[in-house]
Amino acid sequence: MLHDTWLIFLREVSQRRRQTFWLVVGLIQPLLYMFLYGPLVTRLLADGASLTSGWGVFVPALLLQSSLTQAMYVGLSLLVEYRAGVLERLWVAPISRPALLLGKLANIGVTVAVLSVIIILLCRLFFRFHAPLAGLALCVLLNVVVAVALASYSYTVALLTKNEMALGTALHSAMLPLLLLSGAFLPITAGSAPTWLYRLSRLNPIAYVMDTNRAVLEGDFSSSAALTGTFVLVALAAVGLWWSTRTFARDHE
């Protein structure tokens with residue numbers, strides 16, 4: 001299965017090279033937020049006490065934004081392959097069925113990792129953002145897992161609906177609440193937000209991931225926030241992979 005996954009991954013990378021538009025979009029949007037919004041919000045948040053009061057708040061938000069851009073709408077590209085008969089030919093090819101999904105997800109994960117590293121380097125270069133290397137590496141890894149998890153759900157919903165308009169509407173409707181209720185750009189805490197908003201944000205699994213990102217950037221790898229967010233993310237990814245794998249196999253049958 002590893003060999004088949006590698007072949008699908010190379011195929012996806014080759015296609016992504018010819019479709020650089022999504023890479024540009026995935027980088028341009030975080031860059032606009034970084035340069036046009038970052039200096040303002042980080043000054044409002046900064047209190048000089050910790051990393052998580054300034055750019056330590058905003059960098060995980062930029063990473064999440066790039067992850068959502070790359071992962072949420074991949075189901076639409078899957079439907080393009082489905083309509084063109086490409087997906088059907090891949091299904092009947094002598095390759096492992098899970099490898100078809102895993103190869104696609106691996107490509108998304110690598111793309112998000114590259115974009116995340118670029119965003120962090122630009123923040124360090126232009127805004128002197130500094131954080132422990134281990135924390136940055138773990139933050140990138142968590143962002144990649146978020147992208148893989150969300151892409152799994154996007155693929156699954158695409159195969160269940162097989163309708164570009166319905167899928168686009170569903171994904172767009174989900175993306176904004178996920179981003180806003182995660183506390184990405186402005187942390188949603190019990191002390192700073194209305195009670196109803198804070199409780200609503202706790203229903204969003206991405207909010208726990210954001211808490212983890214900010215904790216690891218502080219070098220606090222064993223805090224309750226870091227452990228809880230890691231557990232939630234692993235569960236989210238596991239359910240997504242299980243559901244998408246079953247959907248891929250069932251749809252082929």
# chains A, B, ... in the order shown; residues from 1 in each chain; ligands from 1
>>> closest_atom_pairs(of="region 149-231 of chain A", to="region 63-84 of chain A", cutoff="8 Å", atoms="only C-alpha atoms", output="Markdown table")
| residue | atom | partner | partner_atom | distance |
| --- | --- | --- | --- | --- |
| A:Leu150 | CA | A:Ala71 | CA | 5.9 |
| A:Ala151 | CA | A:Ala71 | CA | 4.6 |
| A:Ser154 | CA | A:Gly75 | CA | 4.9 |
| A:Tyr155 | CA | A:Gly75 | CA | 4.5 |
| A:Thr156 | CA | A:Gly75 | CA | 7.7 |
| A:Val157 | CA | A:Gly75 | CA | 7.3 |
| A:Ala158 | CA | A:Gly75 | CA | 5.1 |
| A:Leu159 | CA | A:Leu79 | CA | 7.6 |
| A:Lys162 | CA | A:Leu79 | CA | 6.6 |
| A:Asn163 | CA | A:Leu79 | CA | 7.8 |
| A:Glu164 | CA | A:Leu76 | CA | 6.3 |
| A:Leu167 | CA | A:Leu76 | CA | 7.3 |
| A:Gly168 | CA | A:Leu76 | CA | 7.3 |
| A:Leu171 | CA | A:Met72 | CA | 6.6 |
| A:Met175 | CA | A:Met72 | CA | 7.4 |
| A:Leu179 | CA | A:Gln65 | CA | 7.7 |
| A:Ala184 | CA | A:Leu64 | CA | 7.7 |
>>> residues_around(residues="Leu217 (chain A)", least_positions_apart="6", cutoff="10 Å", atoms="only C-alpha atoms", output="PDB file with N, CA and C atoms, in the first residue's frame")
ATOM      1  N   SER A  50       3.862  37.543  27.447  1.00  0.00           N
ATOM      2  CA  SER A  50       4.104  36.223  26.875  1.00  0.00           C
ATOM      3  C   SER A  50       3.963  36.271  25.374  1.00  0.00           C
ATOM      4  N   LEU A  51       4.386  35.174  24.751  1.00  0.00           N
ATOM      5  CA  LEU A  51       4.235  35.049  23.297  1.00  0.00           C
ATOM      6  C   LEU A  51       2.772  35.058  22.892  1.00  0.00           C
ATOM      7  N   THR A  52       1.928  34.491  23.729  1.00  0.00           N
ATOM      8  CA  THR A  52       0.531  34.330  23.357  1.00  0.00           C
ATOM      9  C   THR A  52      -0.259  35.617  23.482  1.00  0.00           C
ATOM     10  N   GLY A  56       2.247  35.542  18.862  1.00  0.00           N
ATOM     11  CA  GLY A  56       1.986  34.163  19.252  1.00  0.00           C
ATOM     12  C   GLY A  56       0.518  33.799  19.143  1.00  0.00           C
ATOM     13  N   VAL A  57      -0.366  34.802  19.216  1.00  0.00           N
ATOM     14  CA  VAL A  57      -1.790  34.597  18.977  1.00  0.00           C
ATOM     15  C   VAL A  57      -2.067  34.556  17.486  1.00  0.00           C
ATOM     16  N   VAL A  59       0.041  34.169  14.671  1.00  0.00           N
ATOM     17  CA  VAL A  59       0.680  33.203  13.773  1.00  0.00           C
ATOM     18  C   VAL A  59      -0.133  31.912  13.651  1.00  0.00           C
ATOM     19  N   PRO A  60      -0.609  31.306  14.753  1.00  0.00           N
ATOM     20  CA  PRO A  60      -1.470  30.126  14.587  1.00  0.00           C
ATOM     21  C   PRO A  60      -2.730  30.419  13.770  1.00  0.00           C
ATOM     22  N   HIS A 130       9.519  35.416  17.273  1.00  0.00           N
ATOM     23  CA  HIS A 130      10.417  34.362  17.735  1.00  0.00           C
ATOM     24  C   HIS A 130       9.658  33.435  18.677  1.00  0.00           C
ATOM     25  N   ALA A 131       9.927  32.164  18.515  1.00  0.00           N
ATOM     26  CA  ALA A 131       9.328  31.152  19.384  1.00  0.00           C
ATOM     27  C   ALA A 131      10.268  29.953  19.399  1.00  0.00           C
ATOM     28  N   PRO A 132      10.155  29.091  20.419  1.00  0.00           N
ATOM     29  CA  PRO A 132      11.012  27.895  20.462  1.00  0.00           C
ATOM     30  C   PRO A 132      10.848  27.055  19.205  1.00  0.00           C
ATOM     31  N   LEU A 133      11.962  26.537  18.698  1.00  0.00           N
ATOM     32  CA  LEU A 133      11.933  25.758  17.465  1.00  0.00           C
ATOM     33  C   LEU A 133      11.037  24.532  17.603  1.00  0.00           C
ATOM     34  N   ALA A 134      11.102  23.881  18.753  1.00  0.00           N
ATOM     35  CA  ALA A 134      10.259  22.702  18.972  1.00  0.00           C
ATOM     36  C   ALA A 134       8.777  23.085  18.936  1.00  0.00           C
ATOM     37  N   GLY A 135       8.451  24.230  19.508  1.00  0.00           N
ATOM     38  CA  GLY A 135       7.063  24.693  19.484  1.00  0.00           C
ATOM     39  C   GLY A 135       6.593  25.000  18.086  1.00  0.00           C
ATOM     40  N   LEU A 136       7.458  25.640  17.285  1.00  0.00           N
ATOM     41  CA  LEU A 136       7.104  25.953  15.898  1.00  0.00           C
ATOM     42  C   LEU A 136       6.904  24.681  15.081  1.00  0.00           C
ATOM     43  N   ALA A 137       7.799  23.714  15.268  1.00  0.00           N
ATOM     44  CA  ALA A 137       7.700  22.454  14.528  1.00  0.00           C
ATOM     45  C   ALA A 137       6.404  21.727  14.876  1.00  0.00           C
ATOM     46  N   LEU A 138       6.062  21.704  16.165  1.00  0.00           N
ATOM     47  CA  LEU A 138       4.835  21.038  16.581  1.00  0.00           C
ATOM     48  C   LEU A 138       3.611  21.794  16.082  1.00  0.00           C
ATOM     49  N   CYS A 139       3.692  23.103  16.046  1.00  0.00           N
ATOM     50  CA  CYS A 139       2.594  23.921  15.541  1.00  0.00           C
ATOM     51  C   CYS A 139       2.336  23.619  14.064  1.00  0.00           C
TER      52      CYS A 139
END
>>> residues_around(residues="Pro98 (chain A)", least_positions_apart="6", cutoff="9 Å", atoms="only C-alpha atoms", output="ChimeraX atom specification")
/A:1,5,245,248-249
>>> write_last_selection(atoms="N, CA and C atoms", output="compact mmCIF listing (two decimals), in the first residue's frame")
# COMPACT_ATOMS: atom_id res chain seq x y z
N MET A 1 0.83 -1.21 0.00
CA MET A 1 0.00 0.00 0.00
C MET A 1 0.86 1.26 0.00
N THR A 5 0.42 4.40 -2.45
CA THR A 5 0.23 5.74 -1.88
C THR A 5 1.24 6.72 -2.45
N THR A 245 -12.45 6.73 4.29
CA THR A 245 -12.03 5.43 3.75
C THR A 245 -13.23 4.54 3.45
N PHE A 248 -15.09 6.00 0.36
CA PHE A 248 -14.38 5.68 -0.89
C PHE A 248 -14.66 4.24 -1.32
N ALA A 249 -14.57 3.31 -0.36
CA ALA A 249 -14.77 1.89 -0.68
C ALA A 249 -16.22 1.61 -1.05
>>> closest_residue(among="A:Gly109, A:Gly54, A:Pro30, A:Gly38", to="Phe9 (chain A)", atoms="only C-alpha atoms")
A:Gly109
>>> residues_around(residues="Trp6 (chain A)", least_positions_apart="3", cutoff="9 Å", atoms="only C-alpha atoms", output="JSON, numbers by chain")
{"A": [1, 2, 3, 9, 10, 11, 99, 102, 103, 106]}
>>> atom_distance(atom1="CA of Ile95 (chain A)", atom2="CA of Ala237 (chain A)")
23.5 Å
>>> residues_around(residues="Thr230 (chain A)", least_positions_apart="4", cutoff="7 Å", atoms="only C-alpha atoms", output="VMD selection string")
chain A and resid 209 212 226 234
>>> residues_around(residues="Pro177 (chain A)", least_positions_apart="2", cutoff="12 Å", atoms="only C-alpha atoms", output="PDB file with N, CA and C atoms, in the first residue's frame")
ATOM      1  N   LEU A  68      -7.182  25.878   6.131  1.00  0.00           N
ATOM      2  CA  LEU A  68      -8.575  25.842   5.690  1.00  0.00           C
ATOM      3  C   LEU A  68      -8.686  26.082   4.187  1.00  0.00           C
ATOM      4  N   ALA A 170     -22.270  23.934   1.286  1.00  0.00           N
ATOM      5  CA  ALA A 170     -22.054  23.318   2.597  1.00  0.00           C
ATOM      6  C   ALA A 170     -20.676  23.675   3.153  1.00  0.00           C
ATOM      7  N   LEU A 171     -19.666  23.620   2.304  1.00  0.00           N
ATOM      8  CA  LEU A 171     -18.313  23.910   2.765  1.00  0.00           C
ATOM      9  C   LEU A 171     -18.144  25.381   3.130  1.00  0.00           C
ATOM     10  N   HIS A 172     -18.714  26.256   2.308  1.00  0.00           N
ATOM     11  CA  HIS A 172     -18.611  27.684   2.596  1.00  0.00           C
ATOM     12  C   HIS A 172     -19.359  28.032   3.881  1.00  0.00           C
ATOM     13  N   SER A 173     -20.493  27.373   4.101  1.00  0.00           N
ATOM     14  CA  SER A 173     -21.271  27.627   5.313  1.00  0.00           C
ATOM     15  C   SER A 173     -20.547  27.136   6.557  1.00  0.00           C
ATOM     16  N   ALA A 174     -19.748  26.087   6.409  1.00  0.00           N
ATOM     17  CA  ALA A 174     -19.026  25.538   7.559  1.00  0.00           C
ATOM     18  C   ALA A 174     -17.722  26.274   7.829  1.00  0.00           C
ATOM     19  N   MET A 175     -17.090  26.808   6.792  1.00  0.00           N
ATOM     20  CA  MET A 175     -15.749  27.361   6.939  1.00  0.00           C
ATOM     21  C   MET A 175     -15.720  28.594   7.847  1.00  0.00           C
ATOM     22  N   LEU A 179     -13.791  29.059  11.514  1.00  0.00           N
ATOM     23  CA  LEU A 179     -12.717  30.027  11.691  1.00  0.00           C
ATOM     24  C   LEU A 179     -13.027  31.000  12.822  1.00  0.00           C
ATOM     25  N   LEU A 180     -14.234  31.555  12.830  1.00  0.00           N
ATOM     26  CA  LEU A 180     -14.579  32.569  13.826  1.00  0.00           C
ATOM     27  C   LEU A 180     -14.686  31.979  15.228  1.00  0.00           C
ATOM     28  N   LEU A 181     -15.314  30.810  15.347  1.00  0.00           N
ATOM     29  CA  LEU A 181     -15.509  30.204  16.660  1.00  0.00           C
ATOM     30  C   LEU A 181     -14.263  29.487  17.178  1.00  0.00           C
ATOM     31  N   SER A 182     -13.214  29.444  16.360  1.00  0.00           N
ATOM     32  CA  SER A 182     -11.954  28.860  16.839  1.00  0.00           C
ATOM     33  C   SER A 182     -11.181  29.838  17.709  1.00  0.00           C
ATOM     34  N   GLY A 183     -11.575  31.109  17.691  1.00  0.00           N
ATOM     35  CA  GLY A 183     -10.815  32.120  18.411  1.00  0.00           C
ATOM     36  C   GLY A 183      -9.471  32.368  17.766  1.00  0.00           C
ATOM     37  N   ALA A 184      -9.419  32.201  16.447  1.00  0.00           N
ATOM     38  CA  ALA A 184      -8.143  32.301  15.742  1.00  0.00           C
ATOM     39  C   ALA A 184      -7.559  33.704  15.809  1.00  0.00           C
ATOM     40  N   LEU A 197     -21.151  32.900  23.943  1.00  0.00           N
ATOM     41  CA  LEU A 197     -20.182  32.779  22.856  1.00  0.00           C
ATOM     42  C   LEU A 197     -19.051  31.830  23.244  1.00  0.00           C
ATOM     43  N   LEU A 200     -20.349  28.308  23.075  1.00  0.00           N
ATOM     44  CA  LEU A 200     -20.507  27.908  21.676  1.00  0.00           C
ATOM     45  C   LEU A 200     -19.155  27.578  21.041  1.00  0.00           C
ATOM     46  N   SER A 201     -18.141  28.341  21.393  1.00  0.00           N
ATOM     47  CA  SER A 201     -16.816  28.086  20.830  1.00  0.00           C
ATOM     48  C   SER A 201     -16.251  26.755  21.303  1.00  0.00           C
ATOM     49  N   LEU A 203     -17.758  24.087  21.431  1.00  0.00           N
ATOM     50  CA  LEU A 203     -18.299  23.026  20.582  1.00  0.00           C
ATOM     51  C   LEU A 203     -17.494  22.872  19.294  1.00  0.00           C
ATOM     52  N   ASN A 204     -16.607  23.805  19.041  1.00  0.00           N
ATOM     53  CA  ASN A 204     -15.780  23.786  17.834  1.00  0.00           C
ATOM     54  C   ASN A 204     -14.456  23.088  18.143  1.00  0.00           C
ATOM     55  N   PRO A 205     -14.188  21.927  17.537  1.00  0.00           N
ATOM     56  CA  PRO A 205     -12.935  21.218  17.857  1.00  0.00           C
ATOM     57  C   PRO A 205     -11.686  22.004  17.482  1.00  0.00           C
ATOM     58  N   ILE A 206     -11.797  22.889  16.491  1.00  0.00           N
ATOM     59  CA  ILE A 206     -10.634  23.666  16.064  1.00  0.00           C
ATOM     60  C   ILE A 206     -10.211  24.649  17.163  1.00  0.00           C
ATOM     61  N   ALA A 207     -11.157  25.063  18.011  1.00  0.00           N
ATOM     62  CA  ALA A 207     -10.812  25.973  19.115  1.00  0.00           C
ATOM     63  C   ALA A 207      -9.807  25.330  20.054  1.00  0.00           C
TER      64      ALA A 207
END
>>> select_by_dssp(residues="region 27-149 of chain A", states="alpha helix (DSSP H)", output="number ranges by chain")
A: 27-36, 38-45, 55-71, 74-84, 86-92, 97-127, 133-149
>>> decode(residues="region 196-225 of chain A", atoms="C-alpha atoms", output="PDB file, in the first residue's frame")
ATOM      1  CA  TRP A 196     -22.951  32.074  25.387  1.00  0.00           C
ATOM      2  CA  LEU A 197     -20.182  32.779  22.856  1.00  0.00           C
ATOM      3  CA  TYR A 198     -17.531  31.041  24.934  1.00  0.00           C
ATOM      4  CA  ARG A 199     -19.723  27.968  25.403  1.00  0.00           C
ATOM      5  CA  LEU A 200     -20.507  27.908  21.676  1.00  0.00           C
ATOM      6  CA  SER A 201     -16.816  28.086  20.830  1.00  0.00           C
ATOM      7  CA  ARG A 202     -16.175  25.039  23.023  1.00  0.00           C
ATOM      8  CA  LEU A 203     -18.299  23.026  20.582  1.00  0.00           C
ATOM      9  CA  ASN A 204     -15.780  23.786  17.834  1.00  0.00           C
ATOM     10  CA  PRO A 205     -12.935  21.218  17.857  1.00  0.00           C
ATOM     11  CA  ILE A 206     -10.634  23.666  16.064  1.00  0.00           C
ATOM     12  CA  ALA A 207     -10.812  25.973  19.115  1.00  0.00           C
ATOM     13  CA  TYR A 208      -9.010  23.335  21.177  1.00  0.00           C
ATOM     14  CA  VAL A 209      -6.349  23.021  18.479  1.00  0.00           C
ATOM     15  CA  MET A 210      -5.778  26.778  18.590  1.00  0.00           C
ATOM     16  CA  ASP A 211      -5.324  26.553  22.365  1.00  0.00           C
ATOM     17  CA  THR A 212      -2.752  23.804  21.803  1.00  0.00           C
ATOM     18  CA  ASN A 213      -0.865  25.830  19.197  1.00  0.00           C
ATOM     19  CA  ARG A 214      -0.557  28.795  21.532  1.00  0.00           C
ATOM     20  CA  ALA A 215       0.497  26.581  24.416  1.00  0.00           C
ATOM     21  CA  VAL A 216       3.276  24.857  22.471  1.00  0.00           C
ATOM     22  CA  LEU A 217       4.547  28.185  21.180  1.00  0.00           C
ATOM     23  CA  GLU A 218       5.095  29.046  24.836  1.00  0.00           C
ATOM     24  CA  GLY A 219       7.026  25.803  25.222  1.00  0.00           C
ATOM     25  CA  ASP A 220       4.305  24.417  27.485  1.00  0.00           C
ATOM     26  CA  PHE A 221       3.887  20.933  26.010  1.00  0.00           C
ATOM     27  CA  SER A 222       2.273  19.254  29.007  1.00  0.00           C
ATOM     28  CA  SER A 223      -0.422  21.773  29.922  1.00  0.00           C
ATOM     29  CA  SER A 224      -4.066  20.720  30.012  1.00  0.00           C
ATOM     30  CA  ALA A 225      -4.766  22.914  26.971  1.00  0.00           C
TER      31      ALA A 225
END
